[in-house]
Amino acid sequence: MDAMSLEGGPLLSILAAIGEGISMQDRDLRILYANEVYRRWFGQDVVGKHCWEVYGGRDGICPDCAVEECFQGGEVIRRSGAGPERDGTSLRTEIVAAPVRDAQGRIVAAIEVVRDVSEQARVQRELTEAAVSISSGLDLDEILNQVVRHAAQALQADAAMIALKDEERGTIVFPYAYNLPEHLTRASVGPQEKSLAAEVLRSGEPTIVNDYPAYPDRRPEFVAAGIQAVATVPLRVADRGVGSLGVMDTGSGRRFTSVDLELLSIISTQAAVAVENAHLYEKLSRSAQQLEQRVKERTEALSRMYQESERKSTELEKANLKLREVDRLKSEFLANMSHELRTPLNSIIGFSKLVIDGLDGDINEEQRRDLDIVYTNAQELLSLIDDLLNLAKIEAGRVSLYRGFTDIGELIRDVALRLGSLAAEKGLSFRVDLPPGLRPRNIDEAKIRQVLINLVVNAIKFTDEGSLTMSVEQTPQETIFSVTDTGTGMQPQEIEKVFDRFHQAQPGYAEAGGVGLGLTISKRFVEMHGGRIWVSSIYGTGSTFYFSIPGGSMEPEGS
Amino acid sequence: MAPESGKNTILVVDDNNDVRRLVKKVLEIAGFDVLEANSGEQALEVAEQHVPDLVLMDIRLPGEINGLEATHRLKENPRTQLVPVVALTASVMERDRKQAVTAGCSGFIGKPIDIVTLPVMVEKFITHGAAKHR
């Protein structure tokens, strides 16, 4: 097979007409045949030369030679590479080398087909660049400005533009344009008006208009801008048509094809992803800003609150001072009142008793009983004054404990001695139940005595028959006092409230004289000692009041 | 210091006539001799003159010399310093009681006066004071 035998045949006519460079080489890599395109690229005189000479290789070495590899392996070899220079830049080529065999199957020659892929490579490069720059942006304006620029460059169009639907107004606007008069970016198409952008948005179909001035729905401002041809694809974000991306020819004579639409679609898809990202980012950054704003507002609010609270605390301090002064005046008033009230009571109680006891001479029974009422009520009044004063002092925190080691048994017996006659007057038996070996405890004797007196006097008041028992028990840790009576007892709801201030016993009790403040004061005194006070009672059977003081049989006396 | 009559003498100092009358009555019935003073100044005079076995001293007295001051002066006077002074007071304030002790009082008898216990307590204070200074 030689080149001459090919000459003039119909096959050669075909080869000559093909748009790719085709050559045939023998095993020495000598070019036997080159078609028109091949000769145009590599030189009219290439036939007869070695291929390495054609490719500019040196010393018979052509690196990565597809033809040589084809001879060696007997297979079709594909290569991409840099081809001959054209217009100062080397062509991007794709080479296919295929073996030519004789009847015996021996490889006698190779066909080399060289395809110029420079344009493809350029578009690829443009698209990659577009993809990178489009998807790396987070600012929507910037992204869409990049999109129009890349679209125009990738498609080698004169200009490009994005049409967007303005959802609020129902219009179409063209805010992003490349290489178009700026006023077009302020153009808008009304909801009822026709336009190419509106049509694409409606149909969702990529569209080419290669004679825009003759297009029925042409916009005069675009015609005036010199737009001759348009290729446009829809712009879809999150499956929703938001507008279109178009490239334009404004006088270069470029006419668009379906290949252009494909390229444009790729760019528009990338643009859509970028827009979506930007939306997300904007949302995020808006949230972040809102968050920041909220934090700022909160901080300010806090600071205002702080200032406010500072101001209030100053006011409080002043109010506090005033209150303390008022409290001091109140205490003073109470102390004075107490003294003033006691002095006349002193006389009432003293003299009525004097007369009752017959120290001024004999009186008859009627006189004695009446005077008894004077005496008893004066005593009541006195104890009420005492209680009021005491409670006021306790609540003002002005009462402190004066502790001393106290013989518990002696204390109990002393209270019993004082109140025994009161119980006897009502016909009640009064028992004292003391275990042997009671340890003295470090207590405020006067206050504990008062607690005991309060409890016993109450018991006497509410018991009409039966007995009263005072007893003490020392556990290792505490000393527990109790006063038991066989009186009326209390209902469960009564028990809860019995230590409350001004607690009013149930109606039937009123005639027995009020409970007054005695139990409330007792509770405070016991609690000041670190103890507690409680009651168990069965209605109709009687009550036992208990109170405990820390420190029992085990602690050393000095603790 | 033993009175000629063999009875103990009590000086009752109070500006309130009713109180003095009551205390005097009760104590006299109980067998004491009773002297009276209605002010601090008078109390110092009477005590200097008669040197009683016990002074029942009202703390709140009108005039220059209140009960505390009078007690203090009695305790500074060699003639009267061994005479026990018992505060007779309606005050139940701890502060007042502390001040009374500081001034030299041996104890308190609270108002209103319990006419049954008053003579007993007076007797006790006299015995106690005597025991202390024996």
# chains A, B, ... in the order shown; residues from 1 in each chain; ligands from 1

$ residues_around --residues "Met337 of chain A" --least-positions-apart "3" --cutoff "12 Å" --atoms "only C-alpha atoms" --output "list in words"
Leu329, Lys330, Ser331, Glu332, Phe333, Leu334, Glu340, Leu341, Arg342, Thr343, Pro344, Leu382, Ile385, Asp386, Leu388 and Leu389 of chain A; Ala90, Ser91 and Val92 of chain B

$ closest_atom_pairs --of "chain B" --to "chain A" --cutoff "7 Å" --atoms "only C-alpha atoms" --output "JSON lines"
{"residue": "B:Asp18", "atom": "CA", "partner": "A:Ser347", "partner_atom": "CA", "distance": 6.2}
{"residue": "B:Val19", "atom": "CA", "partner": "A:Ser347", "partner_atom": "CA", "distance": 6.4}
{"residue": "B:Leu22", "atom": "CA", "partner": "A:Phe351", "partner_atom": "CA", "distance": 6.7}
{"residue": "B:Ala90", "atom": "CA", "partner": "A:His339", "partner_atom": "CA", "distance": 5.6}
{"residue": "B:Ser91", "atom": "CA", "partner": "A:His339", "partner_atom": "CA", "distance": 6.1}
{"residue": "B:Lys111", "atom": "CA", "partner": "A:Asn346", "partner_atom": "CA", "distance": 6.0}
{"residue": "B:Pro112", "atom": "CA", "partner": "A:Asn346", "partner_atom": "CA", "distance": 4.0}
{"residue": "B:Ile113", "atom": "CA", "partner": "A:Gly350", "partner_atom": "CA", "distance": 6.2}
{"residue": "B:Asp114", "atom": "CA", "partner": "A:Gly350", "partner_atom": "CA", "distance": 6.6}
{"residue": "B:Ile115", "atom": "CA", "partner": "A:Gly350", "partner_atom": "CA", "distance": 6.3}

$ write_last_selection --atoms "N, CA, C and O atoms" --output "tab-separated table (two decimals), in the first residue's frame"
chain	number	residue	atom	x	y	z
B	18	ASP	N	-48.44	55.86	144.21
B	18	ASP	CA	-49.19	54.60	144.34
B	18	ASP	C	-48.26	53.43	144.59
B	18	ASP	O	-48.53	52.57	145.43
B	19	VAL	N	-47.17	53.41	143.83
B	19	VAL	CA	-46.22	52.31	143.97
B	19	VAL	C	-45.62	52.31	145.37
B	19	VAL	O	-45.55	51.28	146.03
B	22	LEU	N	-48.16	51.08	147.89
B	22	LEU	CA	-48.38	49.63	147.80
B	22	LEU	C	-47.23	48.87	148.44
B	22	LEU	O	-47.42	48.00	149.29
B	90	ALA	N	-40.34	48.56	135.74
B	90	ALA	CA	-41.35	48.02	134.83
B	90	ALA	C	-40.69	47.61	133.51
B	90	ALA	O	-41.31	46.99	132.66
B	91	SER	N	-39.43	48.01	133.39
B	91	SER	CA	-38.76	47.74	132.11
B	91	SER	C	-38.36	46.28	132.01
B	91	SER	O	-37.77	45.72	132.92
B	111	LYS	N	-42.02	45.21	137.86
B	111	LYS	CA	-43.36	45.73	138.06
B	111	LYS	C	-44.25	45.05	137.04
B	111	LYS	O	-43.81	44.80	135.93
B	112	PRO	N	-45.49	44.79	137.25
B	112	PRO	CA	-46.17	45.12	138.51
B	112	PRO	C	-45.72	44.18	139.64
B	112	PRO	O	-45.37	43.04	139.39
B	113	ILE	N	-45.81	44.74	140.81
B	113	ILE	CA	-45.31	44.00	141.96
B	113	ILE	C	-46.29	42.92	142.38
B	113	ILE	O	-47.49	43.16	142.49
B	114	ASP	N	-45.72	41.74	142.53
B	114	ASP	CA	-46.52	40.63	143.05
B	114	ASP	C	-46.44	40.72	144.57
B	114	ASP	O	-45.38	40.48	145.16
B	115	ILE	N	-47.55	41.10	145.20
B	115	ILE	CA	-47.48	41.40	146.63
B	115	ILE	C	-47.21	40.16	147.47
B	115	ILE	O	-46.77	40.26	148.61

$ select_by_dssp --residues "segment 373-551 of chain A" --states "helix (DSSP H, G or I)" --output "ChimeraX atom specification"
/A:373-395,408-425,445-461,492-497,507-512,518-528

$ residues_around --residues "Ala100 of chain B" --least-positions-apart "5" --cutoff "9 Å" --atoms "only C-alpha atoms" --output "number ranges by chain"
B: 59, 67-68, 71, 86-87, 95, 105-108

$ write_last_selection --atoms "all heavy atoms" --output "CSV table (one decimal), in the first residue's frame"
chain,number,residue,atom,x,y,z
B,59,ILE,N,-35.9,52.6,138.5
B,59,ILE,CA,-34.8,53.1,137.7
B,59,ILE,C,-35.1,54.4,137.0
B,59,ILE,O,-34.3,55.3,136.8
B,59,ILE,CB,-34.5,52.0,136.6
B,59,ILE,CG1,-33.9,50.7,137.3
B,59,ILE,CG2,-33.4,52.5,135.6
B,59,ILE,CD1,-32.7,50.9,138.1
B,67,GLY,N,-32.4,56.5,138.6
B,67,GLY,CA,-32.2,55.3,139.5
B,67,GLY,C,-30.8,54.7,139.3
B,67,GLY,O,-30.1,54.3,140.3
B,68,LEU,N,-30.3,54.7,138.1
B,68,LEU,CA,-29.0,54.2,137.8
B,68,LEU,C,-27.9,55.0,138.5
B,68,LEU,O,-27.0,54.5,139.1
B,68,LEU,CB,-28.7,54.1,136.3
B,68,LEU,CG,-29.6,53.2,135.5
B,68,LEU,CD1,-29.3,53.3,134.0
B,68,LEU,CD2,-29.4,51.7,136.0
B,71,THR,N,-28.0,54.7,142.2
B,71,THR,CA,-27.4,53.4,142.6
B,71,THR,C,-25.8,53.5,142.6
B,71,THR,O,-25.1,53.1,143.6
B,71,THR,CB,-27.8,52.3,141.7
B,71,THR,OG1,-29.2,52.2,141.7
B,71,THR,CG2,-27.2,50.9,142.1
B,86,VAL,N,-31.8,46.9,144.9
B,86,VAL,CA,-32.6,46.0,144.0
B,86,VAL,C,-33.4,46.9,143.1
B,86,VAL,O,-34.1,47.8,143.6
B,86,VAL,CB,-33.5,45.0,144.8
B,86,VAL,CG1,-34.4,44.3,143.8
B,86,VAL,CG2,-32.6,44.0,145.6
B,87,ALA,N,-33.2,46.7,141.8
B,87,ALA,CA,-33.9,47.6,140.9
B,87,ALA,C,-35.4,47.2,140.8
B,87,ALA,O,-35.8,46.1,140.8
B,87,ALA,CB,-33.3,47.4,139.5
B,95,ARG,N,-31.5,45.7,127.8
B,95,ARG,CA,-30.5,46.8,127.9
B,95,ARG,C,-30.6,47.5,129.3
B,95,ARG,O,-29.6,47.7,129.9
B,95,ARG,CB,-30.8,47.8,126.8
B,95,ARG,CG,-29.8,48.9,126.6
B,95,ARG,CD,-30.4,49.9,125.6
B,95,ARG,NE,-31.6,50.4,126.1
B,95,ARG,CZ,-32.6,50.9,125.4
B,95,ARG,NH1,-32.5,50.9,124.1
B,95,ARG,NH2,-33.7,51.3,125.9
B,105,CYS,N,-26.6,47.3,140.9
B,105,CYS,CA,-27.8,46.6,141.4
B,105,CYS,C,-27.5,45.1,141.7
B,105,CYS,O,-26.8,44.5,140.9
B,105,CYS,CB,-29.0,46.7,140.5
B,105,CYS,SG,-29.6,48.4,140.5
B,106,SER,N,-28.1,44.6,142.7
B,106,SER,CA,-27.9,43.2,143.0
B,106,SER,C,-28.9,42.3,142.3
B,106,SER,O,-28.7,41.1,142.1
B,106,SER,CB,-28.1,42.9,144.5
B,106,SER,OG,-27.2,43.8,145.2
B,107,GLY,N,-30.0,42.9,141.9
B,107,GLY,CA,-31.1,42.1,141.2
B,107,GLY,C,-32.2,43.0,140.8
B,107,GLY,O,-32.1,44.3,140.9
B,108,PHE,N,-33.3,42.4,140.4
B,108,PHE,CA,-34.5,43.2,140.0
B,108,PHE,C,-35.7,42.6,140.6
B,108,PHE,O,-35.8,41.5,140.9
B,108,PHE,CB,-34.7,43.0,138.5
B,108,PHE,CG,-33.5,43.1,137.6
B,108,PHE,CD1,-32.7,42.0,137.4
B,108,PHE,CD2,-33.2,44.3,137.1
B,108,PHE,CE1,-31.6,42.1,136.6
B,108,PHE,CE2,-32.0,44.4,136.3
B,108,PHE,CZ,-31.2,43.3,136.1

$ residues_around --residues "Gly437 of chain A" --least-positions-apart "6" --cutoff "12 Å" --atoms "only C-alpha atoms" --output "VMD selection string"
chain A and resid 407 to 409 472 to 475 552 to 554

$ residues_around --residues "Val55 of chain B" --least-positions-apart "3" --cutoff "12 Å" --atoms "only C-alpha atoms" --output "MDAnalysis selection string"
chainID B and resid 8:14 23 33:37 40 43:44 46:48 50:52 58:59 67 70:71 74:75 80:88 104:109 122:123 125:126 129

$ atom_distance --atom1 "atom CA of Leu438 of chain A" --atom2 "atom CA of Arg413 of chain A"
12.9 Å

$ residues_around --residues "Arg122 of chain A" --least-positions-apart "6" --cutoff "10 Å" --atoms "only C-alpha atoms" --output "PyMOL selection string"
chain A and resi 92+128+153-155

$ closest_residue --among "A:Glu465, A:Ala423, A:Ser309, A:Arg328" --to "Ala396 of chain A" --atoms "only C-alpha atoms"
A:Arg328

$ residues_around --residues "Glu445 of chain A" --least-positions-apart "4" --cutoff "10 Å" --atoms "only C-alpha atoms" --output "MDAnalysis selection string"
chainID A and resid 401:408 411 441 449:451

$ closest_residue --among "A:Val132, A:Ile77, A:Leu15, A:Ala392" --to "Asp327 of chain A" --atoms "only C-alpha atoms"
A:Ala392

$ select_by_dssp --residues "segment 2-44 of chain B" --states "strand (DSSP E)" --output "VMD selection string"
chain B and resid 9 to 13 33 to 37

$ atom_distance --atom1 "atom CA of Ala152 of chain A" --atom2 "atom CA of Gly246 of chain A"
8.7 Å

$ decode --residues "segment 12-32 of chain A" --atoms "C-alpha atoms" --output "compact mmCIF listing (two decimals), in the first residue's frame"
# COMPACT_ATOMS: atom_id res chain seq x y z
CA LEU A 12 -9.12 10.48 -0.96
CA SER A 13 -11.80 12.97 -1.84
CA ILE A 14 -13.50 12.18 1.41
CA LEU A 15 -10.27 12.47 3.38
CA ALA A 16 -9.56 15.77 1.78
CA ALA A 17 -12.97 17.15 2.73
CA ILE A 18 -12.78 16.12 6.39
CA GLY A 19 -12.21 18.89 8.91
CA GLU A 20 -9.55 16.96 10.82
CA GLY A 21 -5.88 16.56 9.94
CA ILE A 22 -5.19 13.08 8.57
CA SER A 23 -1.87 11.52 7.63
CA MET A 24 -0.54 8.06 6.86
CA GLN A 25 2.92 7.03 7.99
CA ASP A 26 5.06 4.00 7.32
CA ARG A 27 6.95 2.06 9.95
CA ASP A 28 9.81 4.56 9.74
CA LEU A 29 7.31 7.22 10.74
CA ARG A 30 7.67 8.79 7.35
CA ILE A 31 4.63 10.64 6.19
CA LEU A 32 3.16 8.96 3.14
